[in-house]
Each structure stands twice: as C-alpha cells, then as structure tokens.
Amino acid sequence: MDEALELGSYLPLSFKTKSEEEYIRFLWDAFQSNYISEKYEFSSLAFHLLYMSFVSFAIWQIRLARDSAFKHALVGFELDAENALLNAETPFKFYEELREAQIFRFLKLIGCENEEVGEFGKFVRRRNKIAHPSGTVFFNDRDSIDSELTKMMREVANIQRHMGPIIKEIYASFLAESADPEEREYADPNEEIEASLIHHYYISQEDLAVCAAYDLTPFRNHHNLPDIEALHRSLRSTYAEAAGEPLPPQPSVSPEPRIANVIESPSPQLPADEAVIGIDVGGQRKGFHAVALQNGAFDRIASQDPAEITEWCRQHKAATVAVDAPCGWSLSGPSRLAERELKLGENKIHLYCMPTRDKGLADTTGFYDWVFNGEKLYELLKPHYPLFEGDRQEGPACLESFPHAVACALTGKIVPADQEVRRKILTEQGYDVSSLPNADFVDAALCALAGRAFREGRSQHFGQKGEGFIVVPVTRAG
C-alpha cells in the first residue's frame with residue numbers, strides 16, 4: 001500500500017464543493033479499509049476511481065490553460081456534448097459526457113503519444129473485467145494488488161511529468177491576473193493564492209512544487225513586478241512546503257528550515273545476540289506485526305494489543321525498536337518536514353503525509369486509525385525505549401522508519417513498492433525470509449534492519465524536533 005498512498009500528493013489540496021472533498025475521502029477510506037481487511041478486489045475498484053479522479057483534474061487544468069487546443073480536441077463530438085464539456089463546472093462533470101476510456105485522448109494535448117495514452121487507459125479495461133460478474137477474483141492476494149498499484153502509480157507520475165508545462169502556464173496566468181492588490185479578489189497574498197490558484201485550478205502538492213520552482217524572468221519588465229514577486233514569495237514560504245520538494249534558491253526568499261539528514265559516526269557492530277525489533281502498524285482490527293532480528297534469524301509476533309507488543313520487545317531486551325508509523329504530526333500544514341525531505345540522493349521517496357493532529361482528530365472516515373494506533377504503541381514504548389529526537393543517544397531507543405525507504409537505501413536505488421522485491425532484498429542481505437509469512441512481517445523485518453543500522457551508527461534521518469524523524473540506513477553506493 002505504501003506506494004499507493006503517494007497518490008495523495010497528486011490530488012487537489014482544495015475542492016470546489018464539500019461533496020467533492022467527501023467523495024475523495026470516501027474513496028480513500030474504501031481503498032484502505034478493504035485493503036486492510038484483505039478484500040483486494042474492492043480495494044482496487046476504489047483506487048481506480050481515485051486514479052480516474054486524478055486524470056479528470058489534469059484534464060480540467062488542461063482545459064483552463066489551453067482553451068483553444070481543448071476546443072479543437074472536441075472535433076467529432078456532438079454539439080450538445082461539446083458544449084457540456086466546454087461549460088463543465090467541475091472536473092467530475094466530464095464523465096457525464098465521456099466514457100472513461102475517451103478522456104485519455106485529451107492527454108495528447110500535453111504531448112502524450114498514442115502508446116502512452118494506451119498505457120494510461122489499460123486500467124479501465126482491467127477495471128471493466130473486475131466490475132462485471134466473471135466468476136474470477138483477479139486480486140486475491142496482497143502481492144497481486146501491490147503490483148497493480150505500482151503500475152498505476154507509474155502512469156500517474158508519467159502524466160504529472162507531462163503536466164509540468166501546463167502548471168507553469170497556469171501559474172504564470174495567475175501571477176499576471178493577481179498582480180495588482182487593488183484589483184484582485186483578495187488583497188492578502190495567501191488568501192489570493194488559496195482562492196484563485198489552489199482552489200480554482202484544483203492544485204495538488206505536486207503542482208505546488210512546479211509553482212515554487214517557477215522562474216520569474218518572463219515578468220522582469222512587468223509593471224507590477226514587485227507585487228508578482230510578493231505573491232511568489234508568499235507561495236514559496238507558505239505553501240511550497242506542502243509540495244514535498246526542496247525549494248531552489250531564489251533572491252529575497254526566506255530560507256527553508258535546516259534539514260536533519262545526518263549520517264551518524266560509526267559505532268561497533270551490534271553483537272549478533274542483541275535483538276533489534278521492527279513493527280508494522282495497522283488499525284485496531286489489523287493490529288501490529290513485529291519481527292525481532294537476533295542471532296541472524298527472525299522471530300515474530302502479531303497482536304492487536306500494543307501492550308503485548310511492548311512487553312514482547314522487553315522480553316527480547318531489544319536494543320532498538322523501529323516502528324512503521326508516524327511518531328508525530330505536522331506542526332502546521334499538510335505534511336511534516338520528514339515527509340517533504342525523505343529522498344535517495346536527488347530522488348524523492350514518496351509516502352503519505354501527516355497533517356496536524358487536529359485535522360487527524362477531525363477526520364470521520366477512520367483513515368487515520370492506524371496512526372492513532374501507532375500513537376498508543378509509542379506511548380507504551382517510550383518509558384522503556386526513549387523516542388529518537390535527532391541527537392545521538394546511548395541505550396535502548398525507539399524510532400520511526402519506513403520500509404519502502406529502507407528497501408531503497410539498502411539497494412542504492414528507487415525500487416518498486418513490491419513485496420517480492422522486498423523479500424529479495426532481505427535475502428540478498430543474508431536473511432532467511434521463509435519465517436515471514438506475509439507482507440506485514442516483511443515490512444517489519446525491513447524496519448528491524450533500520451534499527452540495526454541506527455544502533456551501529458550507519459543511519460541517516462530526516463525531519464525536525466516536534467514533528468519527528470524518519471530513520472533509514474545509510475544509502476548504499478549505487
């Protein structure tokens with residue numbers, strides 16, 4: 001599921017109506033709850049709808065940015081359908097006139113070739129098979145759906161790459177139209193950005209990364225250049241952190257907070273008989289899957305009770321406990337510094353972003369249940385395993401890790417979020433994975449390796465105090 005959660009950064013930060021926002025939240029909940037309960041077929045249907053929603057938001061942006069080209073692409077449609085598409089009030093209205101497979105043709109307007117459009121649309125054909133009675137369950141295990149999700153996310157990233165010029169055009173248009181504080185809708189720059197850019201254009205975190213990196217050179221002779229620069233500074237300082245990418249340096253822009261990405265000084269190798277433990281966290285129904293690495297072998301336990309897991313760690317006299325769950329919430333905004341800066345070299349490693357705790361508490365879908373479950377575990381662990389807060393510490397410790405990032409660090413490259421890939425990585429590290437019966441234990445084992453790297457001084461961490469750090473092994477040279 002890890003890679004699928006990256007889709008959140010490609011979806012809008014703001015919606016035109018409350019019902020649209022509730023619809024997307026419903027789909028996220030349906031995807032996650034069915035995935036956790038191992039009803040993978042239904043989980044795939046919910047994710048497909050999220051995927052198609054992402055496509056509709058992209059088409060919406062194309063229509064607004066390149067109106068003339070969009071009109072030319074409507075040649076061949078009946079007049080009523082053409083007018084409906086041109087006058088659609090929200091992206092979801094497109095599907096009232098278009099079959100799902102048809103909507104991908106508009107991606108040719110951003111330079112997508114026929115072969116790419118075919119790749120984008122193949123998931124519709126697969127969904128159609130699933131949505132009709134066939135007597136066959138297509139996704140009957142976690143590995144099969146994870147493989148499908150990886151393929152879908154690959155196409156999402158491809159579409160987003162092609163959307164770069166569109167987002168730049170949208171942002172340039174916004175800067176020009178909102179330059180004059182006396183004429184725009186809101187005098188306050190942040191309010192204007194929120195309403196006239198993010199809300200109107202269905203801007204996502206990934207889109208904001210493009211806006212934040214925009215070069216203002218085309219406006220060098222604009223009569224409102226100071227006001228344009230002020231808008232751009234506001235976007236970078238207030239919103240760009242949500243984009244999940246480091247900001248390129250620009251004049252008169254406030255510096256980003258210092259990134260904690262520190263490689264520890266080497267320590268003696270941890271004795272083989274000293275245990276390190278990794279824990280995969282789910283909601284209350286799924287509970288916890290823990291793996292202890294000791295004497296070169298894995299021991300394991302699954303439990304819905306965080307107290308039982310804590311006691312199991314103590315019985316093993318673990319040196320380090322590495323947990324696959326957020327150890328904190330965002331201090332402000334939709335993400336933590338750790339999530340924005342987690343990367344391998346120059347390549348960002350995507351993961352689901354943590355909002356403020358108030359937003360998590362206000363959510364009624366149950367999406368954050370696993371986070372609150374992890375919170376309970378951390379509270380029980382802390383008296384025996386103090387939480388790592390960025391400084392080198394002796395003695396037992398608990399920390400946050402992320403299996404996908406661990407897998408990438410161990411191989412020195414971005415790898416698919418696929419369980420077979422992760423099993424292979426563990427095997428290549430010299431471990432027998434036959435005792436790990438499912439993906440949850442595999443993820444816990446990867447966290448255990450992060451815990452060992454931390455204890456031996458071979459780790460790096462991302463984040464800041466108050467929100468928490470994500471710890472992964474030092475990246476292997478590629």
# chains A, B, ... in the order shown; residues from 1 in each chain; ligands from 1

call {"tool": "closest_atom_pairs", "arguments": {"of": "segment 280-346 of chain A", "to": "segment 455-464 of chain A", "cutoff": "10 Å", "atoms": "only C-alpha atoms", "output": "JSON lines"}}
result
{"residue": "A:Ala319", "atom": "CA", "partner": "A:Arg455", "partner_atom": "CA", "distance": 7.5}
{"residue": "A:Thr320", "atom": "CA", "partner": "A:Arg455", "partner_atom": "CA", "distance": 6.9}
{"residue": "A:Arg336", "atom": "CA", "partner": "A:Gly463", "partner_atom": "CA", "distance": 7.3}
{"residue": "A:Leu337", "atom": "CA", "partner": "A:Gly463", "partner_atom": "CA", "distance": 5.0}
{"residue": "A:Ala338", "atom": "CA", "partner": "A:Gly463", "partner_atom": "CA", "distance": 3.7}
{"residue": "A:Glu339", "atom": "CA", "partner": "A:Gly463", "partner_atom": "CA", "distance": 7.5}
{"residue": "A:Arg340", "atom": "CA", "partner": "A:Gly463", "partner_atom": "CA", "distance": 8.5}
{"residue": "A:Glu341", "atom": "CA", "partner": "A:Phe462", "partner_atom": "CA", "distance": 6.5}
{"residue": "A:Leu342", "atom": "CA", "partner": "A:Phe462", "partner_atom": "CA", "distance": 6.1}
{"residue": "A:Lys343", "atom": "CA", "partner": "A:Phe462", "partner_atom": "CA", "distance": 8.8}

call {"tool": "closest_atom_pairs", "arguments": {"of": "segment 10-57 of chain A", "to": "segment 203-215 of chain A", "cutoff": "6 Å", "atoms": "only C-alpha atoms", "output": "Markdown table"}}
result
| residue | atom | partner | partner_atom | distance |
| --- | --- | --- | --- | --- |
| A:Tyr10 | CA | A:Ser204 | CA | 5.4 |
| A:Leu11 | CA | A:Ser204 | CA | 5.2 |
| A:Pro12 | CA | A:Ser204 | CA | 4.2 |
| A:Leu13 | CA | A:Ser204 | CA | 5.3 |

call {"tool": "write_last_selection", "arguments": {"atoms": "C-alpha atoms", "output": "PDB file, in the first residue's frame"}}
result
ATOM      1  CA  TYR A  10      -1.138  14.267  -6.782  1.00  0.00           C
ATOM      2  CA  LEU A  11      -4.719  15.059  -5.742  1.00  0.00           C
ATOM      3  CA  PRO A  12      -6.049  18.592  -5.098  1.00  0.00           C
ATOM      4  CA  LEU A  13      -5.475  20.375  -1.823  1.00  0.00           C
TER       5      LEU A  13
END

call {"tool": "residues_around", "arguments": {"residues": "segment 16-27 of chain A", "least_positions_apart": "4", "cutoff": "10 Å", "atoms": "only C-alpha atoms", "output": "PyMOL selection string"}}
result
chain A and resi 8+11-12+31-33+43+45-50+53+89-92+195+199-202+363-367

call {"tool": "atom_distance", "arguments": {"atom1": "atom CA of Pro416 of chain A", "atom2": "atom CA of His404 of chain A"}}
result
8.3 Å

call {"tool": "residues_around", "arguments": {"residues": "segment 180-187 of chain A", "least_positions_apart": "5", "cutoff": "7 Å", "atoms": "only C-alpha atoms", "output": "ChimeraX atom specification"}}
result
/A:192,224,227

call {"tool": "residues_around", "arguments": {"residues": "Leu231 of chain A", "least_positions_apart": "5", "cutoff": "12 Å", "atoms": "only C-alpha atoms", "output": "ChimeraX atom specification"}}
result
/A:171-172,174-181,184,186-194,196-197,211-212,216,224-226,236-239,253

call {"tool": "closest_residue", "arguments": {"among": "A:Trp60, A:Leu107, A:Val156, A:Arg423", "to": "Asn87 of chain A", "atoms": "only C-alpha atoms"}}
result
A:Trp60

call {"tool": "select_by_dssp", "arguments": {"residues": "segment 203-422 of chain A", "states": "strand (DSSP E)", "output": "tab-separated table (two decimals) with N, CA and C atoms, in the first residue's frame"}}
result
chain	number	residue	atom	x	y	z
A	276	VAL	N	17.19	-6.43	17.71
A	276	VAL	CA	16.55	-5.21	17.23
A	276	VAL	C	15.19	-5.63	16.68
A	277	ILE	N	14.21	-4.78	16.86
A	277	ILE	CA	12.83	-5.15	16.52
A	277	ILE	C	12.22	-4.12	15.58
A	278	GLY	N	11.52	-4.62	14.56
A	278	GLY	CA	10.74	-3.77	13.67
A	278	GLY	C	9.27	-4.07	13.84
A	279	ILE	N	8.44	-3.04	13.74
A	279	ILE	CA	7.00	-3.23	13.96
A	279	ILE	C	6.20	-2.56	12.84
A	280	ASP	N	5.33	-3.33	12.20
A	280	ASP	CA	4.39	-2.82	11.21
A	280	ASP	C	3.08	-2.51	11.94
A	281	VAL	N	2.53	-1.33	11.68
A	281	VAL	CA	1.34	-0.86	12.42
A	281	VAL	C	0.14	-0.78	11.48
A	288	PHE	N	-0.80	-5.13	15.10
A	288	PHE	CA	0.64	-4.96	14.95
A	288	PHE	C	1.29	-6.28	14.53
A	289	HIS	N	2.29	-6.15	13.67
A	289	HIS	CA	3.13	-7.29	13.28
A	289	HIS	C	4.57	-6.91	13.61
A	290	ALA	N	5.18	-7.67	14.51
A	290	ALA	CA	6.53	-7.34	14.98
A	290	ALA	C	7.50	-8.47	14.62
A	291	VAL	N	8.72	-8.06	14.25
A	291	VAL	CA	9.78	-9.02	13.91
A	291	VAL	C	11.03	-8.64	14.71
A	292	ALA	N	11.59	-9.62	15.40
A	292	ALA	CA	12.85	-9.43	16.12
A	292	ALA	C	13.98	-10.08	15.32
A	293	LEU	N	15.03	-9.32	15.11
A	293	LEU	CA	16.24	-9.83	14.45
A	293	LEU	C	17.28	-10.10	15.52
A	294	GLN	N	17.64	-11.36	15.68
A	294	GLN	CA	18.57	-11.74	16.74
A	294	GLN	C	19.31	-13.01	16.31
A	297	ALA	N	18.61	-14.40	12.78
A	297	ALA	CA	17.33	-15.01	12.42
A	297	ALA	C	16.17	-14.13	12.90
A	298	PHE	N	15.00	-14.41	12.35
A	298	PHE	CA	13.82	-13.62	12.68
A	298	PHE	C	12.90	-14.38	13.63
A	299	ASP	N	12.40	-13.68	14.61
A	299	ASP	CA	11.30	-14.17	15.44
A	299	ASP	C	10.14	-13.21	15.19
A	300	ARG	N	8.92	-13.62	15.45
A	300	ARG	CA	7.80	-12.74	15.10
A	300	ARG	C	6.61	-12.93	16.02
A	301	ILE	N	5.76	-11.92	16.03
A	301	ILE	CA	4.51	-11.97	16.79
A	301	ILE	C	3.52	-11.02	16.12
A	302	ALA	N	2.25	-11.36	16.18
A	302	ALA	CA	1.17	-10.47	15.72
A	302	ALA	C	0.18	-10.32	16.85
A	303	SER	N	-0.27	-9.10	17.07
A	303	SER	CA	-1.21	-8.85	18.17
A	303	SER	C	-1.95	-7.55	17.91
A	320	THR	N	16.96	-1.65	20.02
A	320	THR	CA	16.24	-0.62	19.29
A	320	THR	C	14.93	-1.19	18.78
A	321	VAL	N	13.89	-0.37	18.81
A	321	VAL	CA	12.60	-0.73	18.25
A	321	VAL	C	12.27	0.28	17.16
A	322	ALA	N	12.15	-0.17	15.91
A	322	ALA	CA	11.86	0.69	14.77
A	322	ALA	C	10.42	0.46	14.32
A	323	VAL	N	9.63	1.51	14.28
A	323	VAL	CA	8.19	1.40	14.05
A	323	VAL	C	7.80	2.01	12.71
A	324	ASP	N	7.01	1.28	11.95
A	324	ASP	CA	6.49	1.78	10.69
A	324	ASP	C	5.17	2.51	10.92
A	343	LYS	N	14.41	11.35	0.88
A	343	LYS	CA	14.84	11.13	-0.50
A	343	LYS	C	16.05	10.21	-0.54
A	344	LEU	N	16.32	9.71	-1.74
A	344	LEU	CA	17.50	8.91	-2.02
A	344	LEU	C	18.31	9.70	-3.05
A	347	ASN	N	16.46	11.89	-5.62
A	347	ASN	CA	15.15	11.32	-5.93
A	347	ASN	C	14.27	11.26	-4.68
A	348	LYS	N	13.13	11.92	-4.74
A	348	LYS	CA	12.23	11.94	-3.60
A	348	LYS	C	11.60	10.57	-3.41
A	397	ALA	N	16.32	2.53	22.46
A	397	ALA	CA	15.63	3.65	21.80
A	397	ALA	C	14.55	3.10	20.89
A	398	CYS	N	13.53	3.91	20.65
A	398	CYS	CA	12.55	3.60	19.61
A	398	CYS	C	12.60	4.72	18.58
A	399	LEU	N	12.23	4.40	17.38
A	399	LEU	CA	12.33	5.37	16.29
A	399	LEU	C	11.30	5.03	15.21
A	400	GLU	N	11.06	5.99	14.34
A	400	GLU	CA	10.18	5.78	13.21
A	400	GLU	C	11.01	5.42	11.98

call {"tool": "residues_around", "arguments": {"residues": "segment 62-66 of chain A", "least_positions_apart": "6", "cutoff": "7 Å", "atoms": "only C-alpha atoms", "output": "list in words"}}
result
Ile166, Glu169 and Ile170 of chain A

call {"tool": "write_last_selection", "arguments": {"atoms": "C-alpha atoms", "output": "CSV table (one decimal), in the first residue's frame"}}
result
chain,number,residue,atom,x,y,z
A,166,ILE,CA,0.5,23.3,-18.1
A,169,GLU,CA,1.2,28.3,-17.8
A,170,ILE,CA,-1.5,28.3,-15.1

call {"tool": "select_by_dssp", "arguments": {"residues": "segment 232-418 of chain A", "states": "helix (DSSP H, G or I)", "output": "short mmCIF file (atom, residue, chain, number, x, y, z; two decimals) with C-alpha atoms, in the first residue's frame"}}
result
data_model
loop_
_atom_site.label_atom_id
_atom_site.label_comp_id
_atom_site.auth_asym_id
_atom_site.auth_seq_id
_atom_site.Cartn_x
_atom_site.Cartn_y
_atom_site.Cartn_z
CA HIS A 232 5.67 34.26 -5.41
CA ARG A 233 7.42 34.70 -2.07
CA SER A 234 4.15 34.06 -0.26
CA LEU A 235 3.55 30.86 -2.18
CA ARG A 236 7.06 29.60 -1.50
CA SER A 237 7.09 30.44 2.18
CA THR A 238 3.50 29.45 3.00
CA TYR A 239 2.52 26.72 0.59
CA ALA A 240 5.61 25.29 -1.05
CA GLU A 241 6.47 23.09 1.93
CA ALA A 242 3.37 21.10 1.08
CA ALA A 243 4.81 20.35 -2.34
CA PRO A 306 0.05 -2.57 21.89
CA ALA A 307 0.80 -3.54 25.50
CA GLU A 308 1.51 -7.13 24.43
CA ILE A 309 3.84 -5.90 21.69
CA THR A 310 5.67 -3.65 24.16
CA GLU A 311 6.13 -6.49 26.61
CA TRP A 312 7.41 -8.73 23.82
CA CYS A 313 10.05 -6.11 22.99
CA ARG A 314 11.11 -6.01 26.64
CA GLN A 315 11.31 -9.80 26.83
CA LEU A 337 9.41 18.11 7.19
CA ALA A 338 10.44 14.45 7.33
CA GLU A 339 7.97 13.55 4.60
CA ARG A 340 8.89 16.51 2.44
CA GLU A 341 12.61 15.78 2.58
CA ARG A 357 -3.21 16.26 14.86
CA ASP A 358 -6.34 18.42 14.97
CA LYS A 359 -7.04 17.55 11.35
CA GLY A 360 -6.47 13.88 12.11
CA LEU A 361 -8.90 14.03 15.01
CA ALA A 362 -11.49 15.85 12.88
CA ASP A 369 -6.94 4.96 12.79
CA TRP A 370 -3.60 3.27 12.14
CA VAL A 371 -1.78 6.49 13.06
CA PHE A 372 -3.60 6.76 16.37
CA ASN A 373 -2.93 3.07 16.95
CA GLY A 374 0.76 3.76 16.39
CA GLU A 375 0.49 6.67 18.81
CA LYS A 376 -0.69 4.27 21.53
CA LEU A 377 2.27 2.00 20.84
CA TYR A 378 4.81 4.83 21.04
CA GLU A 379 3.38 5.96 24.37
CA LEU A 380 3.81 2.46 25.81
CA LEU A 381 7.31 2.08 24.36
CA PRO A 403 10.00 0.06 4.82
CA HIS A 404 9.98 1.42 1.27
CA ALA A 405 12.72 3.92 2.11
CA VAL A 406 14.71 1.17 3.85
CA ALA A 407 14.47 -1.00 0.74
CA CYS A 408 15.64 1.86 -1.47
CA ALA A 409 18.53 2.72 0.86
CA LEU A 410 19.72 -0.89 1.02
CA THR A 411 19.82 -1.20 -2.77
#

call {"tool": "atom_distance", "arguments": {"atom1": "atom CA of Pro396 of chain A", "atom2": "atom CA of Gly296 of chain A"}}
result
19.5 Å

call {"tool": "closest_residue", "arguments": {"among": "A:Gly395, A:Gly390, A:Gly283, A:Gly412", "to": "Val471 of chain A", "atoms": "only C-alpha atoms"}}
result
A:Gly390

call {"tool": "closest_residue", "arguments": {"among": "A:Gln102, A:Gln419, A:Ser9, A:Gln429", "to": "Ser147 of chain A", "atoms": "only C-alpha atoms"}}
result
A:Gln419

call {"tool": "residues_around", "arguments": {"residues": "segment 140-146 of chain A", "least_positions_apart": "4", "cutoff": "12 Å", "atoms": "only C-alpha atoms", "output": "number ranges by chain"}}
result
A: 1-5, 31, 34-45, 47-48, 130, 136, 150-153, 416-423, 437-440, 442
